Amino acid sequence: MAAAMEGRVIDASNGLPIAGAVVVAGAASVQTGGDGSFFLPAPAGQVSARAIGYARATMAVGGQEEARPTLRLAPLRPKALYLSAYGIGNQGLRDAALHLLATTELNALVIDLKGDTGMVPYPSKVAQAALCGARDVTTVRDMAALVAQLRRDGIYLIARIVAFKDDRLAKAHPEWSIRSADGDVFRDGERQAWIDPFQREAWDYLLDLAQEAAAMGFDEIQFDYVRFPDTRGLRFAQPNMERNRVAAITGFLQAVRQRLAPYGVFLAADLFGYTAWNTGDTEIGQDLPAIARVVDYVSLMLYPSGYQFGIPGVPDPMQEPALIVQRTLQRAIARTGGNGRRFRPWLQAFRDYAFDHRPFDADEIRAQVDAAESAGTDGWMLWNPRNSYSANGLRE
């Protein structure tokens with residue numbers, strides 16, 4: 001008879017059981033019951049657990065004394081800064097970000113593992129990265145060592161992987177690219193080509209990168225541009241219908257979840273803010289309730305500058321950035337079952353580009369943060385494409 005293990009997962013702060021935690025041992029995984037208990041096949045080695053709103057925990061098992069292990073998960077709400085492929089490799093930008101993490105409420109970093117142009121900035125072992133030209137620039141010579149150091153410093157780490165916007169992969173594999181109506185390779189406003197999400201052969205590259213990130217020790221894998229372009233009249237491998245688009249995006253995320261299952265990491269997806277208000281897929285395959293069912297965290301991009309049409313009751317987002325965040329989150333939470341901890345939004349930390357071009361400084365940042373926290377989210381993330389941040393608006 002195969003070895004088996006019975007145990008519990010509890011809240012480290014109060015000792016209460018955690019229901020619905022995911023426990024992983026070897027290739028087996030299971031969710032805890034209402035009393036925090038689990039039972040699964042358990043060869044000697046390690047058992048890990050994760051749950052929404054908590055940090056992951058791992059413990060060694062093997063002896064009789066660990067036959068009924070108790071895993072204690074510490075409550076955690078990540079509050080993050082974003083560093084691009086260049087930002088994480090630039091000593092000045094990285095040190096400035098780490099200083100803020102050491103002196104303010106910040107406790108997490110979002111790091112590009114594959115950026116907006118398809119660049120992979122470290123010596124990846126994924127063969128396709130080199131084959132498609134994604135490895136033409138190195139900004140981090142040893143990503144695994146950097147991850148290990150940051151984790152020793154107690155920093156929650158999120159690997160950002162840009163999915164279907166990938167100029168390099170589209171050039172290497174034009175048969176996977178999205179086409180314009182005339183049959184040419186489609187290019188967006190930044191002259192970047194995209195991979196057709198219907199092309200399942202192209203998924204393997206993204207799955208391999210996600211697995212590599214998980215193996216390096218990232219706590220969470222976050223996919224951006226996990227959608228179709230917001231451009232009409234394009235040609236795809238399948239009919240451009242809402243049903244097909246939603247199936248492709250959710251199917252991809254389900255494939256990622258399956259690939260990452262042995263690693264016990266969290267999975268997140270970045271979505272347009274308007275997906276909370278639109279009942280369909282916003283014509284890009286992002287159906288909010290459908291995606292929320294297959295990822296751990298939904299990261300709505302709640303930049304007021306992106307709300308060019310406003311929202312009900314807020315026609316001018318620049319005047320009420322807190323209401324943009326608060327009301328969008330309230331609607332999203334209501335549409336997905338009422339658990340605010342399933343959301344960790346992106347907040348604006350850059351100058352407005354759509355309305356009056358005002359800087360987003362202490363008042364605007366604090367207003368957004370307070371609104372996100374009042375909605376009960378699992379933290380928040382600040383986005384500045386130049387990776388230029390200050391302590392303005394942040395608590396110590």
# chains A, B, ... in the order shown; residues from 1 in each chain; ligands from 1
call {"tool": "residues_around", "arguments": {"residues": "segment 280-286 of chain A", "least_positions_apart": "4", "cutoff": "10 Å", "atoms": "only C-alpha atoms", "output": "list in words"}}
result
Pro197, Tyr225, Val226, Arg227, Phe228, Pro229, Asp230, Thr231, Arg232, Asn240, Met241, Glu242, Arg243, Asn244, Arg245, Val246, Ala247, Ala248, Ile249, Thr250, Ala269, Asp270, Leu271, Phe272, Tyr274, Thr275, Ala276, Ala290 and Ile291 of chain A
call {"tool": "select_by_dssp", "arguments": {"residues": "segment 301-374 of chain A", "states": "strand (DSSP E)", "output": "list of chain:residue names"}}
result
A:Met301, A:Trp346, A:Leu347, A:Gln348
call {"tool": "closest_residue", "arguments": {"among": "A:Ser48, A:Asn384, A:Thr58, A:Gln348", "to": "Ala372 of chain A", "atoms": "only C-alpha atoms"}}
result
A:Gln348
call {"tool": "closest_residue", "arguments": {"among": "A:Ala170, A:Leu131, A:Leu157, A:Ala57", "to": "Ala80 of chain A", "atoms": "only C-alpha atoms"}}
result
A:Leu157
call {"tool": "closest_atom_pairs", "arguments": {"of": "segment 32-107 of chain A", "to": "segment 5-16 of chain A", "cutoff": "10 Å", "atoms": "only C-alpha atoms", "output": "tab-separated table"}}
result
residue	atom	partner	partner_atom	distance
A:Thr32	CA	A:Val9	CA	7.3
A:Gly33	CA	A:Arg8	CA	9.1
A:Asp35	CA	A:Arg8	CA	7.9
A:Gly36	CA	A:Val9	CA	5.1
A:Ser37	CA	A:Arg8	CA	4.2
A:Phe38	CA	A:Gly7	CA	5.4
A:Phe39	CA	A:Glu6	CA	4.4
A:Leu40	CA	A:Met5	CA	5.5
A:Pro41	CA	A:Met5	CA	6.0
A:Ala42	CA	A:Met5	CA	5.4
A:Pro43	CA	A:Met5	CA	8.6
A:Ala44	CA	A:Met5	CA	10.0
A:Val47	CA	A:Met5	CA	9.7
A:Ser48	CA	A:Val9	CA	9.8
A:Ala49	CA	A:Val9	CA	7.5
A:Arg50	CA	A:Val9	CA	9.0
A:Ala51	CA	A:Val9	CA	9.4
A:Tyr54	CA	A:Asp11	CA	8.4
A:Ala57	CA	A:Val9	CA	9.6
A:Val61	CA	A:Met5	CA	9.2
A:Gly62	CA	A:Met5	CA	9.6
A:Glu66	CA	A:Met5	CA	8.6
A:Ala67	CA	A:Met5	CA	5.8
A:Arg68	CA	A:Gly7	CA	4.5
A:Pro69	CA	A:Gly7	CA	4.8
A:Thr70	CA	A:Arg8	CA	4.8
A:Leu71	CA	A:Val9	CA	4.8
A:Arg72	CA	A:Ala12	CA	4.8
A:Leu73	CA	A:Ala12	CA	5.2
A:Ala74	CA	A:Ala12	CA	5.0
A:Pro75	CA	A:Asp11	CA	7.2
call {"tool": "atom_distance", "arguments": {"atom1": "atom CA of Gln91 of chain A", "atom2": "atom CA of Arg141 of chain A"}}
result
12.7 Å
call {"tool": "select_by_dssp", "arguments": {"residues": "segment 77-204 of chain A", "states": "helix (DSSP H, G or I)", "output": "VMD selection string"}}
result
chain A and resid 85 to 89 91 to 103 127 to 131 143 to 152 167 to 172 174 to 176 200 to 204
call {"tool": "closest_residue", "arguments": {"among": "A:Ile155, A:Ala215, A:Ala145, A:Leu329", "to": "Leu106 of chain A", "atoms": "only C-alpha atoms"}}
result
A:Ile155
